[in-house]
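Student: Mind looking over this structure? Questions follow.
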Amino acid sequence: MSTENTFRYIDREKSWLAFNARVLQEAADESVPLLERLRFIGIFSNNLDEFFRVRFAAIRRLSLSGATGEKILGGISAQQLVKDITEIVIKQQSESLKVLHNIEKELVKKNIIIINENEVTGEHENFVKDFFIQKISPELVTIILNDLAEFPLLKDTSGYLAIKLVMKSEPKSSLLGLVKKTKPEVRYAVIEIPKNTNRIVELPEKDGKQYLILLDDIIRYNLSSIFNIFDYQSISAHMIKITRDAQLDIDSDMSKSMLEKIATSVKERRIGEPVRFVFDKNIEKDTLKFFLSKMGIDASDSIIPGGRYHNRRDYMSFPNLGRHDLLYPPRVPLPVEGLSLDGSLLNKIAKKDYLINAPFQSFSYLIKFLREAALDPKVTTIKITLYRLAKNSQIVSSLINAAKNGKKVTVQIELQARFDEASNISYAEQMQQEGIELIFGIKGLKVHSKICVIDRMENDKLKRYGFISTGNFNETTAKIYTDLTLFTSHQQILKDVSKIFDFFDVNYRIHRYKHLIVSPHYTRSKFYKLIDREINNAIMGRPAYINLKMNSLSDYPIIDKLYEASNAGVKIKLQVRGICSLIPGVKGMSENIEAVSIVDYFLEHTRSYIFCNNEEPEVYISSADFMTRNLDGRVEVTCPIYDEDIKKQIIDTFEVGWKGNVKARYHSEKFENNYRVRESDEAIFRAQHETYNYYRDRLEKGQNIN
């Protein structure tokens, strides 16, 4: 990496891996409840899968193209980055195994024991055999590999057991009457671990202790039953896992609809090139060689030795075993002050704006808004963007209900939402059948904005209501992702929202917006202007600060602009959960910048941007991170906050997050993930707890006043 780039920017991919290391820190943290620590092991594994399917896959493609990609990657070659990533991941995998081993030892102390196939005894024997016969065997896919003309396609969402059968051999006599030993025949097979059954199986309690076993080991226990037609002398089973390139390659056939193109591309993803192969490090060398050779995996792929079990993302759904003492206490989402789920939301929103900060406050208000709009005779039109949806989406159900009630419903659904393509295609087909007008996006641009607007006739005049959010309209993720949603009847803001839907429909016409900041046309230039104003105020000796909260910060020109602001004396606070390519605290470059990441039981997903403006703060919420793709390659919406009370909420909760001294880590060039240091006399301040308390106290204060 060049000296300049080493000094000015942190590598994006390594920064992402540093974020995942913070997730692993949560799994290792002994103050985190035990079963929650297992959940973080699952999140760590799932994150790593997605990293290889997308980010690593893109770098590998660049590497194989022969180009170095140094300009794109910030000064390091793609070939070197592939090697560096593999080394980092091997270390992280090794560390995750140590963490998991420690968690399992602690579970034993709590009378929770995870056993393997060699530890099945007594009454568990019948349970395991019966479970295999009743639950696993009917859906088990087992393939004998030796004589196949073509190696079967292994799915990157599944785990497999690589089987080695050493067959019995009969001794043969030579011409001299001597007994000649022959090399035994070896057969290989593969078993796909079923996904329709929870991988962690609860066994009957025994002597006051709770027992668990993984599906993998139930299969291992029953190998003799599976392969009883073979006369073998030994059998072994080791887990393997493959990750494939998940980039979508969309063809240019003009005769196909976008829906058809995405559907075809999603199907083709299953045969994407392998980019990672993870295996049990105790697998026999000849078995490993056989599988690598047959699958066409070579040194250009990431080959990673691991433990006995893979696909540990399944630990995200580890059973709670009724052990609430080993889980975080549940926090019931709070109601919003002045906003009831019983009465009309539209009547309330007509009078003032409201902010929902989920999951601290209830996401149910969004569902209520759409359900009310679906039934209200005065509502004529509903327009909404959809990116990621819940498995059984109440959002979609409400929109279909609106269409059945004669409303004109227009949905912009992003078919290229990563790993949600198949789900979104299914929802799109369902909504089409119900008469909902669908928009499938804009060529070359993903639609990542989170907006909704409805038209309502009041006294023969059109009045608009709507909401703008930082997160997806997904009631499942809203329980664990922090996001802000603004409900408003501000007619000029909502007129801008309507213009965005016009742009979806006729996208060669670029609109002017009076209030919203919209990518890809205006976001970069507008944020430059906002930063420049703080720079000018600092130079003039006026108060100047910038407080930014986002998921990722990786756009180099924006980073340079923040460096410029720092050098001018602007105080900059950054809360960046994931990738942070900016290097804070460097004298002469970023000495006025501090950057932290909060990783706790909720996933920080909020994007809020606060600019001092000479102590008359301008506050924005946004669907966009400070990444090149969000600024220049997507349709994103950043919305100004005009209501003074809502401004105060966003400023206050940013400061609450900034005071966090338990789960906040510093961003740094060396990826140490050091925790923010707490002074000896400083009280513990856990940001997410205190954010909940902030809204609870506001609610109680409002009730006391009333």
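Chains: A, B, ... in order of the structure tokens. Residues: from 1 per chain. Ligands: from 1, in order shown.
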Applying 10 Å and only C-alpha atoms, which residues near Ile641 of chain A remain after dropping the ones on its own chain fewer than 3 positions away? List them as a CSV table (one decimal) with N, CA and C atoms, in the first residue's frame.
Tutor:
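Here's the written file part.csv:
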```
chain,number,residue,atom,x,y,z
A,353,ASP,N,-45.4,16.7,13.6
A,353,ASP,CA,-44.6,15.6,13.2
A,353,ASP,C,-44.3,14.7,14.4
A,355,LEU,N,-41.7,11.3,15.7
A,355,LEU,CA,-40.5,10.5,15.4
A,355,LEU,C,-40.6,9.2,16.1
A,486,LEU,N,-39.7,9.3,10.6
A,486,LEU,CA,-40.4,10.5,10.7
A,486,LEU,C,-41.8,10.4,10.1
A,515,HIS,N,-36.6,20.5,-0.3
A,515,HIS,CA,-36.3,20.1,1.1
A,515,HIS,C,-35.5,18.9,1.2
A,618,GLU,N,-28.7,22.2,12.3
A,618,GLU,CA,-29.5,21.6,11.2
A,618,GLU,C,-29.3,20.1,11.4
A,619,VAL,N,-30.5,19.4,11.4
A,619,VAL,CA,-30.5,17.9,11.7
A,619,VAL,C,-31.2,17.2,10.5
A,620,TYR,N,-30.6,16.1,10.2
A,620,TYR,CA,-31.1,15.3,9.1
A,620,TYR,C,-31.2,13.8,9.5
A,621,ILE,N,-32.1,13.1,8.9
A,621,ILE,CA,-32.1,11.6,9.0
A,621,ILE,C,-32.0,11.1,7.5
A,638,THR,N,-32.3,11.9,2.1
A,638,THR,CA,-32.0,12.5,3.3
A,638,THR,C,-33.0,13.6,3.6
A,644,GLU,N,-38.8,21.3,16.3
A,644,GLU,CA,-37.7,21.5,17.3
A,644,GLU,C,-37.6,20.4,18.3
A,645,ASP,N,-38.8,19.9,18.8
A,645,ASP,CA,-38.7,18.8,19.7
A,645,ASP,C,-38.1,17.5,19.2
A,646,ILE,N,-38.4,17.2,17.9
A,646,ILE,CA,-37.7,16.0,17.3
A,646,ILE,C,-36.2,16.3,17.0
A,647,LYS,N,-35.9,17.5,16.7
A,647,LYS,CA,-34.5,17.8,16.6
A,647,LYS,C,-33.8,17.5,17.9
A,648,LYS,N,-34.4,18.0,19.0
A,648,LYS,CA,-33.8,17.8,20.3
A,648,LYS,C,-33.6,16.3,20.6
A,650,ILE,N,-33.1,13.8,18.5
A,650,ILE,CA,-32.0,13.3,17.7
A,650,ILE,C,-30.7,13.7,18.3
```
Student: Excluding segment 631-637 of chain A and its own-chain neighbours fewer than 6 positions away, which residues fall within 7 Å of it when counting only C-alpha atoms? Please give them as a ChimeraX atom specification.
Tutor: /A:445-449,516-520,523-524,622-624
Student: What separation in Å, quoted to one decimal, exists between atom CA of Leu484 of chain A and atom CA of Asn357 of chain A?
Tutor: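 Taking atom CA of Leu484 of chain A and atom CA of Asn357 of chain A, their separation equals 4.7 Å.
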Student: Determine which residues of segment 384-417 of chain A DSSP labels as strand (DSSP E or B) from the backbone of this structure, then write them out as a list of chain:residue names.
Tutor: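 Of segment 384-417 of chain A, the ones in strand (DSSP E or B) are A:Ile384, A:Thr385, A:Leu386, A:Lys408, A:Val409, A:Thr410, A:Val411, A:Gln412, A:Ile413.
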Student: Nearest to Ser581 of chain A among A:Ile229, A:Ala18, A:Ala568, A:Thr485, with distances taken over only C-alpha atoms: which residue is it?
Tutor: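 Looking at the shortest contact to Ser581 of chain A, the residue is A:Ala18.
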